[in-house]
Every structure is written in C-alpha cells, then in structure tokens.
file model-v8.txt (compact mmCIF, C-alpha atoms and all ligand atoms)
# COMPACT_ATOMS: atom_id res chain seq x y z
CA MET A 1 77.29 72.72 74.11
CA ILE A 2 74.28 73.90 76.06
CA ILE A 3 74.86 76.89 78.32
CA THR A 4 72.20 77.89 80.82
CA VAL A 5 72.33 81.31 82.42
CA ALA A 6 70.74 80.99 85.84
CA GLN A 7 70.47 83.06 88.99
CA GLN A 8 67.49 83.22 91.30
CA LYS A 9 67.94 86.91 91.88
CA GLY A 10 66.17 89.07 89.29
CA GLY A 11 68.16 91.90 87.75
CA ALA A 12 71.51 90.13 88.19
CA GLY A 13 72.21 90.24 84.46
CA LYS A 14 70.98 86.91 83.08
CA THR A 15 69.32 88.24 79.95
CA THR A 16 72.15 90.67 79.30
CA LEU A 17 74.71 87.89 79.58
CA ALA A 18 72.70 85.46 77.42
CA ALA A 19 72.28 87.93 74.56
CA GLN A 20 75.80 89.37 74.70
CA LEU A 21 77.43 85.94 74.82
CA ALA A 22 75.28 84.67 71.95
CA VAL A 23 76.64 87.47 69.75
CA ALA A 24 80.18 86.90 71.04
CA PHE A 25 80.06 83.19 70.10
CA ALA A 26 78.60 84.05 66.69
CA ALA A 27 81.54 86.42 66.19
CA MET A 28 83.79 83.41 66.92
CA ARG A 29 82.09 81.78 63.92
CA ARG A 30 80.07 79.34 65.95
CA SER A 31 76.48 78.56 65.05
CA VAL A 32 74.37 79.79 67.94
CA ALA A 33 70.78 79.36 69.10
CA THR A 34 69.15 81.15 72.02
CA ILE A 35 66.18 79.93 74.05
CA ASP A 36 64.03 82.15 76.24
CA ILE A 37 62.21 80.30 78.99
CA ASP A 38 61.51 83.36 81.13
CA PRO A 39 57.79 84.22 80.86
CA GLN A 40 58.82 87.89 80.92
CA GLY A 41 60.26 87.31 77.47
CA SER A 42 62.95 90.01 77.45
CA LEU A 43 65.38 87.94 75.40
CA SER A 44 62.63 87.26 72.87
CA ARG A 45 61.94 91.00 72.59
CA TRP A 46 65.61 91.53 71.83
CA ALA A 47 65.54 88.72 69.27
CA GLU A 48 62.52 90.33 67.56
CA VAL A 49 64.19 93.71 67.28
CA ARG A 50 67.28 91.94 66.03
CA SER A 51 65.58 89.99 63.28
CA GLN A 52 63.71 93.10 62.09
CA ARG A 53 66.94 95.04 61.99
CA LEU A 54 69.29 92.46 60.54
CA GLY A 55 67.01 90.19 58.49
CA GLU A 56 69.15 87.52 56.85
CA ASN A 57 72.26 88.73 58.65
CA ASN A 58 70.82 87.84 62.05
CA LYS A 59 73.15 84.81 62.48
CA LEU A 60 71.21 83.63 65.55
CA THR A 61 68.31 81.21 65.84
CA HIS A 62 65.88 82.14 68.59
CA VAL A 63 63.16 80.09 70.22
CA LYS A 64 60.69 81.18 72.87
CA ALA A 65 60.23 77.99 74.80
CA THR A 66 57.35 76.91 76.93
CA GLY A 67 57.59 75.13 80.25
CA TRP A 68 58.60 71.50 80.32
CA ARG A 69 59.29 71.39 76.57
CA SER A 70 62.24 73.74 76.94
CA SER A 71 64.86 71.07 77.66
CA GLN A 72 63.65 68.99 74.72
CA GLN A 73 63.87 72.06 72.51
CA ALA A 74 67.39 72.73 73.76
CA GLU A 75 68.54 69.21 72.92
CA GLN A 76 66.94 69.47 69.50
CA LEU A 77 68.68 72.78 68.75
CA ALA A 78 71.99 71.40 70.03
CA LYS A 79 71.95 68.89 67.16
CA THR A 80 72.13 71.67 64.60
CA HIS A 81 73.96 74.41 66.53
CA GLN A 82 77.38 74.43 68.19
CA VAL A 83 76.21 76.63 71.04
CA VAL A 84 72.76 76.80 72.63
CA ILE A 85 72.21 79.48 75.27
CA ILE A 86 69.22 79.30 77.60
CA ASP A 87 68.00 82.39 79.48
CA SER A 88 66.16 81.13 82.52
CA PRO A 89 63.58 82.73 84.80
CA PRO A 90 64.38 83.79 88.35
CA HIS A 91 63.21 81.53 91.20
CA ALA A 92 63.85 77.81 91.44
CA GLU A 93 60.78 76.73 89.53
CA THR A 94 60.48 73.44 87.69
CA ASP A 95 61.37 75.18 84.43
CA ALA A 96 64.57 76.53 85.92
CA ARG A 97 65.50 73.09 87.18
CA LEU A 98 64.95 71.47 83.80
CA SER A 99 67.06 74.12 82.12
CA VAL A 100 69.85 73.38 84.59
CA ARG A 101 69.57 69.63 84.08
CA VAL A 102 69.95 69.83 80.31
CA ALA A 103 73.01 72.13 80.42
CA ASP A 104 76.73 71.40 80.01
CA ILE A 105 77.56 74.43 82.12
CA ILE A 106 75.64 76.96 84.22
CA LEU A 107 76.73 80.57 84.12
CA ILE A 108 75.71 82.56 87.17
CA PRO A 109 75.92 86.36 86.94
CA VAL A 110 76.52 87.91 90.35
CA GLN A 111 76.69 91.58 91.22
CA PRO A 112 78.83 92.61 94.17
CA SER A 113 75.92 92.86 96.61
CA PRO A 114 75.09 90.66 99.60
CA MET A 115 71.69 89.81 98.11
CA ASP A 116 73.27 88.50 94.93
CA VAL A 117 75.80 86.41 96.83
CA TRP A 118 73.10 84.86 99.01
CA ALA A 119 70.90 84.08 96.02
CA THR A 120 73.89 82.44 94.33
CA GLN A 121 74.09 79.74 96.98
CA ALA A 122 70.62 78.51 96.05
CA THR A 123 71.50 78.44 92.36
CA LEU A 124 74.74 76.55 93.08
CA GLN A 125 72.86 74.03 95.15
CA LEU A 126 70.47 73.39 92.29
CA ALA A 127 73.39 72.87 89.90
CA ARG A 128 75.10 70.49 92.33
CA GLN A 129 71.93 68.43 92.70
CA GLU A 130 71.82 68.11 88.93
CA ARG A 131 75.62 67.52 88.73
CA VAL A 132 76.24 70.30 86.23
CA PRO A 133 79.42 72.41 86.41
CA THR A 134 79.08 76.12 87.16
CA LEU A 135 80.97 79.31 86.48
CA ILE A 136 80.22 82.45 88.47
CA ILE A 137 80.43 85.65 86.40
CA PRO A 138 81.05 88.80 88.45
CA ASN A 139 78.85 91.46 86.85
CA ARG A 140 78.67 95.26 87.18
CA VAL A 141 81.88 95.32 89.17
CA PRO A 142 82.94 98.88 89.98
CA PRO A 143 86.63 99.69 89.47
CA ARG A 144 88.71 100.09 92.61
CA SER A 145 86.08 99.42 95.24
CA ASN A 146 87.14 97.80 98.50
CA MET A 147 83.56 96.92 99.27
CA ALA A 148 83.14 95.10 95.96
CA GLU A 149 86.48 93.30 96.36
CA GLY A 150 85.43 92.11 99.82
CA ILE A 151 82.18 90.73 98.49
CA LEU A 152 83.88 89.11 95.50
CA GLU A 153 86.31 87.34 97.85
CA ASN A 154 83.29 85.66 99.44
CA LEU A 155 82.42 84.24 96.03
CA ASP A 156 85.63 82.23 96.03
CA GLN A 157 84.37 80.37 99.08
CA LEU A 158 81.14 79.15 97.53
CA GLY A 159 82.82 76.11 95.97
CA SER A 160 82.38 77.10 92.32
CA PRO A 161 84.94 78.41 89.85
CA VAL A 162 84.72 82.19 89.44
CA SER A 163 85.46 83.78 86.08
CA ARG A 164 88.68 85.76 85.97
CA ILE A 165 87.00 88.02 83.46
CA ARG A 166 84.66 90.41 85.25
CA LEU A 167 82.10 92.62 83.60
CA GLY A 168 82.02 96.30 84.44
CA SER A 169 78.89 98.39 84.62
CA ARG A 170 78.72 99.74 81.08
CA VAL A 171 75.98 101.59 79.25
CA ALA A 172 77.01 99.90 76.00
CA TYR A 173 75.64 96.56 77.23
CA ALA A 174 72.12 97.96 77.59
CA GLU A 175 72.31 100.28 74.60
CA SER A 176 73.37 97.55 72.19
CA LEU A 177 70.53 95.28 73.34
CA LEU A 178 68.02 98.06 72.80
CA ASN A 179 69.13 98.04 69.18
CA GLY A 180 68.82 94.27 68.82
CA LEU A 181 72.58 93.88 68.76
CA GLY A 182 75.41 92.67 70.94
CA VAL A 183 78.06 95.11 72.05
CA ILE A 184 80.59 93.37 69.78
CA GLU A 185 78.48 94.45 66.81
CA PHE A 186 77.34 97.79 68.20
CA GLN A 187 80.68 99.16 69.40
CA PRO A 188 83.34 96.70 68.28
CA LEU A 189 86.23 98.78 69.57
CA SER A 190 84.83 99.41 73.05
CA THR A 191 86.08 98.10 76.37
CA ALA A 192 82.73 96.33 76.74
CA ALA A 193 83.29 94.49 73.44
CA ASP A 194 86.77 93.38 74.53
CA GLU A 195 85.41 92.25 77.86
CA MET A 196 82.62 90.19 76.29
CA ALA A 197 84.94 88.53 73.76
CA ALA A 198 87.32 87.63 76.59
CA LEU A 199 84.45 86.22 78.62
CA ALA A 200 83.30 83.99 75.74
CA ARG A 201 86.83 82.57 75.49
CA GLU A 202 86.94 82.10 79.27
CA VAL A 203 83.68 80.14 79.18
CA VAL A 204 85.05 77.78 76.51
CA ARG A 205 88.33 77.37 78.40
CA ASN A 206 86.56 76.70 81.66
CA MET A 207 84.19 74.17 80.13
CA SER A 208 86.94 72.09 78.60
CA MET A 209 88.89 72.26 81.88
CA GLN A 210 85.92 71.02 83.91
CA GLN A 211 85.17 68.30 81.36
CA ARG A 212 88.77 67.06 81.53
CA LYS A 213 88.51 66.98 85.31
CA ALA A 214 85.26 65.06 85.20
CA ALA A 215 86.75 62.51 82.78
CA ALA A 216 89.89 61.97 84.90
N1 LIG B 1 77.26 94.86 83.11
C1 LIG B 1 76.21 95.68 83.04
N2 LIG B 1 76.38 97.00 82.81
C2 LIG B 1 75.32 97.83 82.74
N3 LIG B 1 74.05 97.45 82.91
C3 LIG B 1 73.80 96.16 83.16
C4 LIG B 1 74.85 95.20 83.22
N4 LIG B 1 74.29 93.98 83.48
C5 LIG B 1 72.96 94.18 83.56
N5 LIG B 1 72.66 95.49 83.39
C6 LIG B 1 71.30 96.11 83.44
O1 LIG B 1 70.65 95.65 84.62
C7 LIG B 1 69.27 95.40 84.37
C8 LIG B 1 68.96 93.93 84.69
O2 LIG B 1 69.67 93.09 83.78
P1 LIG B 1 69.01 91.79 83.17
O3 LIG B 1 70.00 91.23 82.23
O4 LIG B 1 67.66 92.09 82.65
O5 LIG B 1 68.90 90.88 84.46
P2 LIG B 1 68.04 89.53 84.70
O6 LIG B 1 67.77 88.92 83.37
O7 LIG B 1 68.91 88.68 85.57
O8 LIG B 1 66.79 89.94 85.41
C9 LIG B 1 69.02 95.76 82.92
O9 LIG B 1 68.52 97.06 82.87
C10 LIG B 1 70.41 95.70 82.29
O10 LIG B 1 70.54 96.60 81.21
MG MG B 2 65.98 88.32 82.43
call {"tool": "encode", "arguments": {"input": "model-v8.txt", "output": "structure tokens"}}
result
Amino acid sequence: MIITVAQQKGGAGKTTLAAQLAVAFAAMRRSVATIDIDPQGSLSRWAEVRSQRLGENNKLTHVKATGWRSSQQAEQLAKTHQVVIIDSPPHAETDARLSVRVADIILIPVQPSPMDVWATQATLQLARQERVPTLIIPNRVPPRSNMAEGILENLDQLGSPVSRIRLGSRVAYAESLLNGLGVIEFQPLSTAADEMAALAREVVRNMSMQQRKAAA
C-alpha cells in the first residue's frame, strides 16, 4: 500500500508523521520504504542520520525523489515493499498532486487551529478530485481543552473520516527523529510509542474499511 502524507499547511506534522509511521510499520514486521518529495528534504536528513546510526539494522529503504518521477518511484518501490510512505511538500503543486494520485490513502495531519482546518479543505478537495480515500489525523492535541475540542468537532464536518487515535504534543516525537529513530525505537515504553503503534493499526483498519466500502 502507498500512503501519502499531505497537508498544504507547513508545520502541521507531515514529516513527523511519515517518519514515525514508517518505524511503526517496520515494528509490525512490514517491509517499509519512505519517499521524500519535499525539496526541503527533512525526511531525507532523518534517513541519513538513521542509516549512519543503525547501518544494516536500518530496516527502512529511503529514496529522495525528484518531481514528476516520484509517483513512478513509488509504484516501483511498492512492488518490493509492503508499505510505501510518501512525505509531500506543502502547497498544491504538481508534485503534491502526483503523490496524491498514486496513493491508496492520504493521511492529513491537522493541529487544532483554524489555519490548519482551513488548509485541510484544500487538501481534501485535491484527494477527492483524484478519488483517493483520506484519513484526518488530529495532531498536537492538548489534553482537556475546550477550544481544541470545538475545533476538532469541525473536522467531523469536512466529509472525511477522522482518526480516533489523536497524537498529543510530545517532545519524544521530535527527540527521536533527531536521533534518526522513531519513538517506538527511542522510548518503547512511552505514551508516544503507544500512541504511534495504535495509529499505525488505525490506518490499516481504516484502509481496509474504505476499500471494502469502495468494492461494495
Ligand atoms: N505531535 C507532536 N508533538 C510534538 N512536536 C511535534 C508534533 N508534531 C510535529 N511536531 C513538531 O512541529 C514541527 C513541524 O513538524 P513537521 O513534521 O516538520 O511538519 P511539516 O512536515 O508538516 O512541515 C517540528 O518541529 C516537529 O518536531
Ligand atoms: Mg515536512
């Protein structure tokens, strides 16, 4: 399956989600490849640190893709890997569209802010045009905040499934990436690790549900 992480708003958590989920799927014994099509190259930086640190134990294949070739590269990698995760650039550029078109599901990280919710509508529209299912991932959700709950309720009205698993704002997400790791490897017993493992299962569950619906 090809998973594209997309969201026009920068800083929403795309790269964080792509890297953390890649490690979570690898921990589920799936073969995983990651593709970075963001010219900023943050995921590729992480992958470099990772391969220096882990060498043969890396478990992940990483490719820094270029422009229009990215979807071809994704399809190629999908032949030899069970999961391919694409980290896409912000803005609805051609590259972002191609990475949506090639995907089996689009994951959209959204922080509980009006700007994130507004930007999500554009990303959902792109996915609808390309007829690819979506799953909104609430990210950096503060515990017990009425304001955040109010904003998250708006997400339910955008016409896309919303993940029941929400990600909190946790230092371990950033700290693990700095070390070339996922939080599941860096702090396996942490709340963040539990959260990320649960999210990976939720993504699989949601994908098979949407595929069954589409087939019916
Ligand atoms: N759940 C989270 N908890 C803590 N920090 C986060 C979380 N999600 C993202 N961040 C931080 O927010 C910043 C932007 O995240 P990033 O994944 O780079 O977003 P994007 O790729 O969408 O631009 C980074 O500094 C990252 O460490
Ligand atoms: Mg990024």
call {"tool": "closest_residue", "arguments": {"input": "model-v8.txt", "among": "A:Trp46, A:Trp118, A:Phe25, A:Tyr173", "to": "ligand LIG 1 (chain B)", "atoms": "only C-alpha atoms and all ligand atoms"}}
result
A:Tyr173
call {"tool": "residues_near_point", "arguments": {"input": "model-v8.txt", "point": "(75.7, 69.2, 70.7)", "cutoff": "6 Å", "atoms": "only C-alpha atoms", "output": "CSV table (one decimal) with C-alpha atoms, in the coordinates of the input"}}
result
chain,number,residue,atom,x,y,z
A,1,MET,CA,77.3,72.7,74.1
A,78,ALA,CA,72.0,71.4,70.0
A,79,LYS,CA,72.0,68.9,67.2
call {"tool": "residues_near_ligand", "arguments": {"input": "model-v8.txt", "ligand": "ligand MG 2 (chain B)", "cutoff": "12 Å", "atoms": "all atoms listed in the file", "output": "PDB file with C-alpha atoms, in the frame of the given file"}}
result
ATOM      1  CA  VAL A   5      72.330  81.310  82.420  1.00  0.00           C
ATOM      2  CA  ALA A   6      70.740  80.990  85.840  1.00  0.00           C
ATOM      3  CA  GLN A   7      70.470  83.060  88.990  1.00  0.00           C
ATOM      4  CA  GLN A   8      67.490  83.220  91.300  1.00  0.00           C
ATOM      5  CA  LYS A   9      67.940  86.910  91.880  1.00  0.00           C
ATOM      6  CA  GLY A  10      66.170  89.070  89.290  1.00  0.00           C
ATOM      7  CA  GLY A  11      68.160  91.900  87.750  1.00  0.00           C
ATOM      8  CA  ALA A  12      71.510  90.130  88.190  1.00  0.00           C
ATOM      9  CA  GLY A  13      72.210  90.240  84.460  1.00  0.00           C
ATOM     10  CA  LYS A  14      70.980  86.910  83.080  1.00  0.00           C
ATOM     11  CA  THR A  15      69.320  88.240  79.950  1.00  0.00           C
ATOM     12  CA  THR A  16      72.150  90.670  79.300  1.00  0.00           C
ATOM     13  CA  LEU A  17      74.710  87.890  79.580  1.00  0.00           C
ATOM     14  CA  ALA A  18      72.700  85.460  77.420  1.00  0.00           C
ATOM     15  CA  ALA A  19      72.280  87.930  74.560  1.00  0.00           C
ATOM     16  CA  ILE A  35      66.180  79.930  74.050  1.00  0.00           C
ATOM     17  CA  ASP A  36      64.030  82.150  76.240  1.00  0.00           C
ATOM     18  CA  ILE A  37      62.210  80.300  78.990  1.00  0.00           C
ATOM     19  CA  ASP A  38      61.510  83.360  81.130  1.00  0.00           C
ATOM     20  CA  PRO A  39      57.790  84.220  80.860  1.00  0.00           C
ATOM     21  CA  GLN A  40      58.820  87.890  80.920  1.00  0.00           C
ATOM     22  CA  GLY A  41      60.260  87.310  77.470  1.00  0.00           C
ATOM     23  CA  SER A  42      62.950  90.010  77.450  1.00  0.00           C
ATOM     24  CA  LEU A  43      65.380  87.940  75.400  1.00  0.00           C
ATOM     25  CA  SER A  44      62.630  87.260  72.870  1.00  0.00           C
ATOM     26  CA  ARG A  45      61.940  91.000  72.590  1.00  0.00           C
ATOM     27  CA  TRP A  46      65.610  91.530  71.830  1.00  0.00           C
ATOM     28  CA  ILE A  86      69.220  79.300  77.600  1.00  0.00           C
ATOM     29  CA  ASP A  87      68.000  82.390  79.480  1.00  0.00           C
ATOM     30  CA  SER A  88      66.160  81.130  82.520  1.00  0.00           C
ATOM     31  CA  PRO A  89      63.580  82.730  84.800  1.00  0.00           C
ATOM     32  CA  PRO A  90      64.380  83.790  88.350  1.00  0.00           C
ATOM     33  CA  HIS A  91      63.210  81.530  91.200  1.00  0.00           C
ATOM     34  CA  PRO A 109      75.920  86.360  86.940  1.00  0.00           C
TER      35      PRO A 109
END
call {"tool": "closest_residue", "arguments": {"input": "model-v8.txt", "among": "A:Glu195, A:Glu48, A:Glu153, A:Glu75", "to": "ligand LIG 1 (chain B)", "atoms": "only C-alpha atoms and all ligand atoms"}}
result
A:Glu195
call {"tool": "closest_atom_pairs", "arguments": {"input": "model-v8.txt", "of": "range 51-169 of chain A", "to": "range 174-186 of chain A", "cutoff": "12 Å", "atoms": "all atoms listed in the file", "output": "tab-separated table"}}
result
residue	atom	partner	partner_atom	distance
A:Ser51	CA	A:Gly180	CA	7.7
A:Gln52	CA	A:Gly180	CA	8.5
A:Arg53	CA	A:Gly180	CA	7.1
A:Leu54	CA	A:Gly180	CA	8.5
A:Gly55	CA	A:Gly180	CA	11.3
A:Asn57	CA	A:Leu181	CA	11.4
A:Asn58	CA	A:Leu181	CA	9.2
A:Lys59	CA	A:Leu181	CA	11.0
A:Leu60	CA	A:Leu181	CA	10.8
A:Arg140	CA	A:Ala174	CA	11.9
A:Ser169	CA	A:Ala174	CA	9.8
call {"tool": "write_last_selection", "arguments": {"input": "model-v8.txt", "atoms": "C-alpha atoms", "output": "mmCIF file, keeping the file's coordinate frame"}}
result
data_model
loop_
_atom_site.group_PDB
_atom_site.id
_atom_site.type_symbol
_atom_site.label_atom_id
_atom_site.label_comp_id
_atom_site.auth_asym_id
_atom_site.auth_seq_id
_atom_site.Cartn_x
_atom_site.Cartn_y
_atom_site.Cartn_z
ATOM 1 C CA SER A 51 65.580 89.990 63.280
ATOM 2 C CA GLN A 52 63.710 93.100 62.090
ATOM 3 C CA ARG A 53 66.940 95.040 61.990
ATOM 4 C CA LEU A 54 69.290 92.460 60.540
ATOM 5 C CA GLY A 55 67.010 90.190 58.490
ATOM 6 C CA ASN A 57 72.260 88.730 58.650
ATOM 7 C CA ASN A 58 70.820 87.840 62.050
ATOM 8 C CA LYS A 59 73.150 84.810 62.480
ATOM 9 C CA LEU A 60 71.210 83.630 65.550
ATOM 10 C CA ARG A 140 78.670 95.260 87.180
ATOM 11 C CA SER A 169 78.890 98.390 84.620
#
call {"tool": "residues_around", "arguments": {"input": "model-v8.txt", "residues": "range 93-101 of chain A", "least_positions_apart": "6", "cutoff": "12 Å", "atoms": "all atoms listed in the file", "output": "JSON, numbers by chain"}}
result
{"A": [2, 3, 4, 5, 6, 7, 8, 35, 36, 37, 38, 39, 65, 66, 67, 68, 69, 70, 71, 72, 73, 74, 75, 84, 85, 86, 87, 107, 108, 122, 123, 124, 125, 126, 127, 128, 129, 130, 131, 132, 133, 134]}
call {"tool": "residues_around", "arguments": {"input": "model-v8.txt", "residues": "Ile165 in chain A", "least_positions_apart": "6", "cutoff": "8 Å", "atoms": "all atoms listed in the file", "output": "list in words"}}
result
Ile137, Pro138, Glu195, Ala198, Leu199 and Glu202 of chain A
call {"tool": "axis_aligned_box", "arguments": {"input": "model-v8.txt", "around": "range 167-176 of chain A", "padding_each_side": "4 Å", "output": "lines of an AutoDock Vina configuration file"}}
result
center_x = 77.1
center_y = 97.1
center_z = 78.4
size_x = 18.0
size_y = 17.0
size_z = 20.4
call {"tool": "atom_distance", "arguments": {"input": "model-v8.txt", "atom1": "CA of Gln20 in chain A", "atom2": "CA of Arg166 in chain A"}}
result
13.8 Å
call {"tool": "atom_distance", "arguments": {"input": "model-v8.txt", "atom1": "CA of His81 in chain A", "atom2": "atom C5 of ligand LIG 1 (chain B)"}}
result
26.1 Å
